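Written out below as structure tokens is the structure these notes cover.
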Amino acid sequence: MTIDQFNFAGKKAFVRVDFNVPLDENFHITDDTRMRAALPTLKKILADGGSIIIGSHLGRPKGVTEKFSLKHILKHLDELLGVDVQFANDCMGEEAAVKAAALKPGEVLLLENLRFYAEEEGKPRGLADDATDEEKAAAKKAVKESQKEFTKKLASYADCYVNDAFGTAHRAHASTALIAKYFDKDHKMFGYLMEKEVKAVDKVLNDIHRPFTAIMGGSKVSSKIEIIENLLNKVDNLIIAGGMTYTFTKALGGRVGLSICEDDKLDLALDLLKKAKDKGVNMVLAVDAKIADSFSNEANTQFCNVNEIPDGWEGLDIGPKTEEIFANVIKSSKTILWNGPTGVFEFDNFTHGSRAVGEAIVEATKNGAFSLVGGGDSVACVNKFGLASGVSYVSTGGGALLEAIEGKILPGIAAINE
């Protein structure tokens with residue numbers, strides 16, 4: 001069942017969204033991208049004459065925590081939807097059940113943070129550091145057993161289920177995967193955002209127009225091993241950027257000064273370079289860097305060869321020669337995946353490389369390439385530089401997108417397709 005095929009008139013829909021938005025110290029939303037991304041789905045249900053029970057998490061609470069209460073986003077959600085959204089102070093309490101049962105067509109109920117309950121993630125909490133294996137196993141079993149009741153209760157609020165939370169699709173949590181089992185195939189579906197995410201990932205991995213270039217940033221090679229290895233079976237060019245640059249550089253005998261570097265992963269870097277060569281993949285590494293004498297926007301800076309960084313200095317962005325090399329590869333590509341900036345783009349003095357990559361992707365897209373930008377920092381990059389509208393698709397899923405790229409089956413997607 002697709003969301004366009006379903007008529008929500010008179011139906012109550014449980015919609016799992018990803019409203020895990022950043023809040024400042026005064027609980028003001030600093031980026032509402034994820035909330036706005038869910039609006040087409042929510043407005044379709046309301047336009048049909050349905051009512052909505054919204055479930056989401058916020059942060060990683062270990063129990064009820066004021067800092068992570070979804071009541072902080074309620075006012076902004078009212079404004080975005082144009083309706084007075086009701087709020088249940090406990091997603092499991094009698095209040096939630098009563099309010100859900102009383103919902104009339106066109107009304108919306110936001111449940112309190114689902115992760116206030118350990119059952120949402122299915123992981124035990126509060127175990128002592130010295131807990132025995134038997135105690136850990138017993139705690140895990142207890143949570144799993146109560147998770148069934150938790151999931152059943154959430155499902156009981158609604159007539160149908162809509163998953164529009166791609167950002168959590170890689171988690172087999174109660175509200176993202178397990179709840180779908182309580183609805184038949186005609187009453188569970190993806191929201192518009194999930195549909196677009198699934199199609200975009202499928203296009204970049206299975207409907208490839210060549211040359212296919214992936215730009216992989218990030219500070220650690222170790223966190224991207226499986227992604228890189230899977231991409232080596234698909235791409236023509238693999239651009240290595242961000243902090244990973246210096247692990248590869250040192251592995252090749254270069255001097256990297258104080259740059260971030262995984263000294264225990266040098267052999268791994270060499271192994272990945274060999275695999276790329278064996279598969280005929282063009283692994284593109286930086287040749288120069290913008291270096292700084294401290295990790296600060298106000299640091300003294302200079303450019304140097306990436307393998308000749310002096311002691312006491314660290315690479316915080318790519319240099320102009322590398323920008324040109326990366327841009328030329330990107331502009332000649334027909335399928336592009338960008339995950340991870342080229343440097344510490346949060347500091348304005350080290351944004352140039354990431355901006356150059358973004359602009360090259362926009363130019364390639366204008367010339368007919370399909371471009372997918374994903375991962376929190378890359379999304380923040382294109383938003384910061386005003387480039388989001390110039391790429392084919394900006395993914396809201398960080399970990400979910402990466403696991404999809406690794407070739408893994410995502411539980412939240414599989415649960416709808418079953």
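Identifiers in the structure tokens: chain A, B, ... in order shown; residue index from 1 per chain; ligand index from 1 in order shown.
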
Neighbouring residues of Ile239 in chain A were defined as those with any atom within 9 Å, considering only C-alpha atoms; residues of the same chain fewer than 3 positions away were excluded. Please report them as a list in words.
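Answer for this query is Thr213, Ala214, Ile215, Met216, Gly217, Asn282, Met283, Val284, Leu285, Ala286, Phe326 and Val329 of chain A.
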
Distance query range 303-306 of chain A at most 12 Å, only C-alpha atoms, self and fewer than 5 positions along chain excluded, as a PyMOL selection string:
chain A and resi 241+243+245-250+252-257+259+285-293+313-322+350

All residues 10 Å or closer to Ile409 in chain A, only C-alpha atoms, same chain fewer than 4 positions away omitted, as a ChimeraX atom specification:
/A:169-170,400,403-405,413-414

Can you tell me which residues surround Arg60 in chain A at a distance of at most 9 Å, considering only C-alpha atoms, apart from same-chain residues fewer than 5 positions away, and format the answer as a list in words?
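Using only C-alpha atoms, the neighbours found are Phe68, Arg115 and Phe116 of chain A.
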
What residues in range 36-181 of chain A get the DSSP label helix (DSSP H, G or I)? Please answer as a ChimeraX atom specification.
/A:36-48,66-68,70-81,94-102,114-116,118-121,133-156,166-168,178-181

CA of Ala299 in chain A and CA of Ser223 in chain A are how many Å apart?
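A separation of 28.1 Å between them.
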
Identify, with DSSP run on backbone atoms, the residues in range 34-116 of chain A assigned to strand (DSSP E), and express the list as an MDAnalysis selection string.
chainID A and resid 51:55 86:88 108:111

I want to know what sits within 6 Å of range 187-204 of chain A, based on only C-alpha atoms, with residues of the same chain fewer than 4 positions away left out; could you give that as a PyMOL selection string?
chain A and resi 1-2+41+160-164+166+183+208+416

Surrounding residues of Ala100 in chain A excluding itself and chain neighbours under 2 positions, 8 Å, only C-alpha atoms, as an mmCIF file with N, CA and C atoms, in the first residue's frame:
data_model
loop_
_atom_site.group_PDB
_atom_site.id
_atom_site.type_symbol
_atom_site.label_atom_id
_atom_site.label_comp_id
_atom_site.auth_asym_id
_atom_site.auth_seq_id
_atom_site.Cartn_x
_atom_site.Cartn_y
_atom_site.Cartn_z
ATOM 1 N N ILE A 53 -1.814 10.460 15.253
ATOM 2 C CA ILE A 53 -1.062 10.290 16.492
ATOM 3 C C ILE A 53 0.407 10.284 16.076
ATOM 4 N N ALA A 96 -2.735 9.324 27.158
ATOM 5 C CA ALA A 96 -2.467 9.109 25.735
ATOM 6 C C ALA A 96 -3.585 8.289 25.095
ATOM 7 N N ALA A 97 -4.005 7.217 25.784
ATOM 8 C CA ALA A 97 -5.056 6.353 25.240
ATOM 9 C C ALA A 97 -6.382 7.103 25.112
ATOM 10 N N VAL A 98 -6.718 7.892 26.129
ATOM 11 C CA VAL A 98 -7.983 8.645 26.118
ATOM 12 C C VAL A 98 -7.968 9.701 25.015
ATOM 13 N N ALA A 102 -10.275 9.852 21.511
ATOM 14 C CA ALA A 102 -11.204 10.975 21.320
ATOM 15 C C ALA A 102 -10.882 11.830 20.096
ATOM 16 N N LEU A 103 -9.805 11.506 19.401
ATOM 17 C CA LEU A 103 -9.408 12.326 18.251
ATOM 18 C C LEU A 103 -10.497 12.361 17.187
ATOM 19 N N LEU A 109 -2.433 14.570 17.676
ATOM 20 C CA LEU A 109 -1.924 14.330 19.022
ATOM 21 C C LEU A 109 -0.445 13.990 18.931
ATOM 22 N N TYR A 157 -3.649 2.588 19.434
ATOM 23 C CA TYR A 157 -4.156 3.946 19.299
ATOM 24 C C TYR A 157 -4.736 4.234 17.916
ATOM 25 N N ALA A 158 -4.341 3.408 16.918
ATOM 26 C CA ALA A 158 -4.614 3.804 15.528
ATOM 27 C C ALA A 158 -5.204 2.690 14.674
#

Using only C-alpha atoms, pick whichever of A:Arg36, A:Lys62, A:Lys234, A:Lys220 has the shortest atom-to-atom distance to Asp263 in chain A.
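Looking only at the distances to Asp263 in chain A, the closest residue turns out to be A:Lys220.
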